[in-house]
Amino acid sequence: MAEFSIDRFVDRYAERTAGMSASEVRALFAVASRPEVVSLAGGMPFVERLPAQDVMEVAAEVMRDARGTALQYGGGQGQLALRERLTMLMAEEGVDADPDDVVVTTGAQQALDLLGKIFIDPGDTVAVEAPSYVGALTAFAAYQPRFLTLETDEDGMIVEQLEQAIVRGERPTFVYTVPNFGNPAGVTMSRDRREHLVRLCRESGIPIVEDNPYGLLRFDGEPLRCLRSLDPHNVIYLGTVSKTFSPGVRVGWVLADPSVVQRIVLAKEAADLCGSNLTMLITERWFSGEERWRAALADLVATYRSRRDAMLSAIDEHFPEAATWTRPEGGFYVWVSLPEWFDTTAMLAAAVERRVAYVPGSAFYPDDRGRDRMRLAFCYPTEERITEGIARLGSLLADEEQLYRSLSGS
Amino acid sequence: MMASLVDLGHEAWIVDPAESPLVESLGERPPELCWLALHGKEGEDGTVQRLLDLLGLRYTGTAAFDCEIAFDKVLAKDALARAGVPTPRWVVVEGWALRDLGAGAALGEVVGRVGLPCVVKPSRSGSALGVGFVDRAADLPQAVMAALSYSGAAVVEAKVEGRELAAGLAGETLEALPLVEITPKSGAYDYAARYTAGATEYFCPARVDDGTAATVSQLARRVAEALGLRDLTRVDLIVDDRDRPWVLEVNVSPGMTETSLVPMAAQAAGMALTDLCDVILRAALARP
């Protein structure tokens with residue numbers, strides 16, 4: 001671990017870096033990456049499952065057929081051929097899109113940053129779910145907004161809270177949501193809530209940012225309509241191939257009205273000129289083989305489904321009665337709620353000592369909440385490892401309960 | 001540090017236990033002396049030192065047994081008190097006593113003995129990890145649980161208000177370097193304050209009068225003597241509003257980058273990083 005240092009630039013940093021603080025959790029994750037630790041922490045897609053031969057062929061084809069383009073700069077909006085493929089992917093989920101309205105970004109993560117850059121002035125209000133994707137919170141936070149948090153339940157965001165806030169006079173710059181198998185809660189916004197949210201935001205003139213990285217990873221139940229297809233003009237849609245293909249290619253995208261697209265392109269060019277032609281072309285080629293990508297995706301979905309099942313049945317067996325958890329129909333995550341005296345941030349040290357890791361809940365709230373929650377990812381470890389990890393965590397939770405009872409005299 | 005060692009005309013190379021097994025690397029190319037630059041538990045609690053003893057290799061810094069005591073706050077607090085070193089009132093809470101002996105019933109005693117506000121620290125942990133500040137008795141159980149997550153025992157210590165100082169000591173005779181004053185902007189010198197750029201201000205030399213500075217440096221040397229510290233060490237203290245110094249803890253492996261506290265203190269004394277390395281090296285090599 002690094003020792004602390006005197007920072008000679010301390011008076012020079014921009015105010016927006018004030019919120020970028022070092023966390024204890026980061027120090028613990030350095031230990032959690034050791035092989036003996038079962039990590040239920042990171043949301044790494046299981047790319048090892050992709051057919052290696054196919055991937056190598058696709059990469060070789062790109063270098064053979066389009067080397068000149070692949071190794072060159074490109075336009076800020078991204079390769080047209082890829083944007084056409086992405087519209088086809090969106091059509092899978094019922095989203096109708098024109099390739100001209102798509103900007104390819106360096107993962108959807110860059111899209112979050114660029115949206116912050118073009119929409120948020122310091123002090124603006126941004127409405128987010130609580131809990132919310134931590135990467136979105138940190139991307140937006142750099143632009144110094146105030147966060148309006150909207151609670152979630154098993155049907156996703158409680159839209160009534162947004163309605164009440166609007167009645168109180170709140171006018172968020174936009175509402176950010178992950179409606180399908182959200183990170184971290186794993187919950188999916190119900191049909192009624194989707195319709196309510198779209199109607200409410202349209203009437204109030206508040207744009208919606210719909211982030212949909214997990215939509216195609218549905219294990220059971222019926223797909224619900226995307227917010228974008230309910231209201232194309234008021235919803236900015238974010239997609240990614242990180243979960244359906246590979247996060248290593250860093251291909252995400254924004255689908256929005258031409259006026260937004262124009263600003264996003266300018267902001268992207270200022271940030272990094274253009275995305276990687278090489279990985280864009282590899283991605284385009286990957287999704288050009290209908291049979292190939294469908295088979296690979298079906299295989300991933302089957303893998304994740306059985307890992308989710310392994311996690312849920314291990315939790316059913318090993319977790320104490322006082323705990324509750326979500327039962328996701330897709331995606332990567334189970335969200336666990338514990339009695340309020342639990343502090344999952346502090347407990348992570350003991351967990352790592354017992355060779356299991358998770359992400360403490362407080363990371364997913366822009367305020368002080370979430371200390372009694374934790375996120376468990378089932379996407380990467382094998383079923384055996386998941387079962388072992390959950391058993392370790394279950395015995396830790398039981399010991400912590402005993403300790404607390406002793407300390408509190410209850 | 002590497003650059004300094006090379007500047008001094010030595011042949012130096014890096015052996016990182018995170019990269020390759022330590023014993024193997026040292027066996028392949030046995031050094032005359034190991035310069036210990038490991039931070040955190042295994043580097044500071046005597047583990048690595050004991051291993052080097054076993055391999056018959058010399059190293060910089062404090063010996064294994066003394067590291068073990070210095071790193072464990074339960075042991076170090078006792079050792080300091082026995083040597084007559086002023087250290088804030090404290091009580092030890094053991095995890096297994098809570099679980100198996102019903103020690104929780106005695107928790108009320110802890111507050112009575114130590115008072116409020118207090119600081120709860122894991123007995124064996126570096127970088128202020130697991131440290132909690134408690135203002136109300138009702139918050140003590142959670143702070144104890146947090147500390148016990150990092151270690152088998154927790155030290156509950158009276159919180160002394162005042163100026164936080166770091167006293168660096170270096171060389172064969174452990175000469176005192178100028179004091180560094182630490183002022184966390186949030187009020188608490190916790191993990192975030194230590195590792196977040198700009199969260200803490202440092203003053204070197206510290207803003208205390210010469211008399212106090214001399215008393216503090218003298219006390220730091222007494223601490224080093226009592227705990228058997230060698231070559232390079234840092235003693236963390238607080239000077240209260242009546243100018244009385246209280247020793248909080250010691251660090252047997254303080255940071256040695258150009259911008260770490262001890263090298264900054266050395267610089268204030270006109271000593272470049274290379275000079276500081278030379279002094280430490282000579283101290284270690286002077287031992288048989």
# chains A, B, ... in the order shown; residues from 1 in each chain; ligands from 1
>>> interface_residues(of="chain B", to="chain A", cutoff="9 Å", atoms="only C-alpha atoms", output="JSON, numbers by chain")
{"B": [38, 39, 40, 95, 96, 98, 99, 100, 102, 103, 104, 105, 106, 107, 127, 129, 130, 138, 140, 141, 142, 144, 145, 146, 147, 148, 149, 150, 151, 191, 192, 193, 194, 195, 196, 197, 198, 199, 200, 201, 202, 254, 255, 256, 257, 258, 259, 260, 261, 264]}
>>> residues_around(residues="Lys77 of chain B", least_positions_apart="5", cutoff="9 Å", atoms="only C-alpha atoms", output="PyMOL selection string")
chain B and resi 70+72+82+87-88+90+248-249
>>> write_last_selection(atoms="N, CA, C and O atoms", output="PDB file, in the first residue's frame")
ATOM      1  N   ALA B  70       5.583  -3.145  18.063  1.00  0.00           N
ATOM      2  CA  ALA B  70       5.272  -1.780  17.618  1.00  0.00           C
ATOM      3  C   ALA B  70       4.020  -1.753  16.752  1.00  0.00           C
ATOM      4  O   ALA B  70       3.234  -0.818  16.806  1.00  0.00           O
ATOM      5  N   ASP B  72       1.448  -3.870  16.800  1.00  0.00           N
ATOM      6  CA  ASP B  72       0.230  -4.270  17.509  1.00  0.00           C
ATOM      7  C   ASP B  72      -0.078  -3.228  18.585  1.00  0.00           C
ATOM      8  O   ASP B  72       0.630  -3.119  19.581  1.00  0.00           O
ATOM      9  N   ARG B  82       4.448   1.268  30.203  1.00  0.00           N
ATOM     10  CA  ARG B  82       5.439   0.721  31.138  1.00  0.00           C
ATOM     11  C   ARG B  82       6.723   1.523  31.139  1.00  0.00           C
ATOM     12  O   ARG B  82       7.413   1.597  32.146  1.00  0.00           O
ATOM     13  N   THR B  87       0.634   8.315  26.932  1.00  0.00           N
ATOM     14  CA  THR B  87      -0.195   7.878  25.815  1.00  0.00           C
ATOM     15  C   THR B  87      -1.641   7.958  26.300  1.00  0.00           C
ATOM     16  O   THR B  87      -1.902   7.726  27.480  1.00  0.00           O
ATOM     17  N   PRO B  88      -2.580   8.324  25.425  1.00  0.00           N
ATOM     18  CA  PRO B  88      -3.963   8.530  25.909  1.00  0.00           C
ATOM     19  C   PRO B  88      -4.534   7.287  26.599  1.00  0.00           C
ATOM     20  O   PRO B  88      -4.196   6.166  26.221  1.00  0.00           O
ATOM     21  N   TRP B  90      -6.648   4.162  27.638  1.00  0.00           N
ATOM     22  CA  TRP B  90      -7.218   3.207  26.683  1.00  0.00           C
ATOM     23  C   TRP B  90      -7.741   1.956  27.357  1.00  0.00           C
ATOM     24  O   TRP B  90      -7.400   1.656  28.504  1.00  0.00           O
ATOM     25  N   LEU B 248       0.666   8.602  20.102  1.00  0.00           N
ATOM     26  CA  LEU B 248      -0.454   7.828  19.566  1.00  0.00           C
ATOM     27  C   LEU B 248       0.006   6.476  19.032  1.00  0.00           C
ATOM     28  O   LEU B 248      -0.535   5.446  19.373  1.00  0.00           O
ATOM     29  N   GLU B 249       0.987   6.481  18.154  1.00  0.00           N
ATOM     30  CA  GLU B 249       1.472   5.224  17.603  1.00  0.00           C
ATOM     31  C   GLU B 249       2.806   5.421  16.919  1.00  0.00           C
ATOM     32  O   GLU B 249       3.253   6.553  16.708  1.00  0.00           O
TER      33      GLU B 249
END
>>> residues_around(residues="Pro223 of chain A", least_positions_apart="3", cutoff="10 Å", atoms="only C-alpha atoms", output="list in words")
Glu93, Gly94, Asn180, Thr188, Arg191, Gly215, Leu216, Arg218, Phe219, Asp220, Cys226 and Glu329 of chain A
>>> select_by_dssp(residues="segment 50-229 of chain B", states="alpha helix (DSSP H)", output="VMD selection string")
chain B and resid 50 to 55 64 to 71 73 to 82 95 to 100 107 to 114 140 to 150 191 to 195 210 to 227
>>> residues_around(residues="Gln72 of chain A", least_positions_apart="6", cutoff="10 Å", atoms="only C-alpha atoms", output="PDB file with all heavy atoms, in the first residue's frame")
ATOM      1  N   SER A 276     -11.888   3.959 -31.303  1.00  0.00           N
ATOM      2  CA  SER A 276     -10.920   3.105 -31.980  1.00  0.00           C
ATOM      3  C   SER A 276     -11.568   2.445 -33.194  1.00  0.00           C
ATOM      4  O   SER A 276     -12.484   1.636 -33.058  1.00  0.00           O
ATOM      5  CB  SER A 276     -10.415   2.027 -31.020  1.00  0.00           C
ATOM      6  OG  SER A 276      -9.946   0.907 -31.738  1.00  0.00           O
ATOM      7  N   ASN A 277     -11.083   2.795 -34.389  1.00  0.00           N
ATOM      8  CA  ASN A 277     -11.590   2.140 -35.598  1.00  0.00           C
ATOM      9  C   ASN A 277     -11.377   0.629 -35.531  1.00  0.00           C
ATOM     10  O   ASN A 277     -12.216  -0.145 -35.972  1.00  0.00           O
ATOM     11  CB  ASN A 277     -10.870   2.682 -36.839  1.00  0.00           C
ATOM     12  CG  ASN A 277     -11.559   3.916 -37.389  1.00  0.00           C
ATOM     13  OD1 ASN A 277     -12.635   4.300 -36.912  1.00  0.00           O
ATOM     14  ND2 ASN A 277     -10.943   4.538 -38.378  1.00  0.00           N
ATOM     15  N   LEU A 278     -10.251   0.239 -34.994  1.00  0.00           N
ATOM     16  CA  LEU A 278      -9.920  -1.182 -34.934  1.00  0.00           C
ATOM     17  C   LEU A 278     -11.002  -1.957 -34.180  1.00  0.00           C
ATOM     18  O   LEU A 278     -11.563  -2.927 -34.695  1.00  0.00           O
ATOM     19  CB  LEU A 278      -8.552  -1.376 -34.261  1.00  0.00           C
ATOM     20  CG  LEU A 278      -8.139  -2.820 -33.990  1.00  0.00           C
ATOM     21  CD1 LEU A 278      -8.037  -3.619 -35.287  1.00  0.00           C
ATOM     22  CD2 LEU A 278      -6.809  -2.867 -33.242  1.00  0.00           C
TER      23      LEU A 278
END
>>> residues_around(residues="Leu229 of chain B", least_positions_apart="5", cutoff="12 Å", atoms="only C-alpha atoms", output="number ranges by chain")
B: 44, 60-71, 76, 168-174, 220-224, 234-235, 250-253, 283-284
>>> select_by_dssp(residues="segment 116-250 of chain B", states="strand (DSSP E)", output="PyMOL selection string")
chain B and resi 118-122+132-134+153-158+162-170+175-176+180-184+200-203+232-240+245-250
>>> residues_around(residues="Gly275 of chain A", least_positions_apart="2", cutoff="12 Å", atoms="only C-alpha atoms", output="PyMOL selection string")
chain A and resi 70-79+82+103-107+110-111+249-253+265+268-273+277-281
>>> atom_distance(atom1="atom CA of Ile182 of chain B", atom2="atom CA of Ser123 of chain B")
22.5 Å
>>> atom_distance(atom1="atom CA of Leu273 of chain B", atom2="atom CA of Ser217 of chain B")
20.6 Å
>>> atom_distance(atom1="atom CA of Gly228 of chain B", atom2="atom CA of Leu36 of chain B")
17.0 Å
>>> residues_around(residues="Thr149 of chain A", least_positions_apart="6", cutoff="12 Å", atoms="only C-alpha atoms", output="VMD selection string")
chain A and resid 125 to 132 137 157 to 159 161 to 162 165 170 172 175 to 177 364 to 369
>>> closest_residue(among="A:Val178, A:Val241, A:Leu312, A:Leu217", to="Thr326 of chain A", atoms="only C-alpha atoms")
A:Leu312
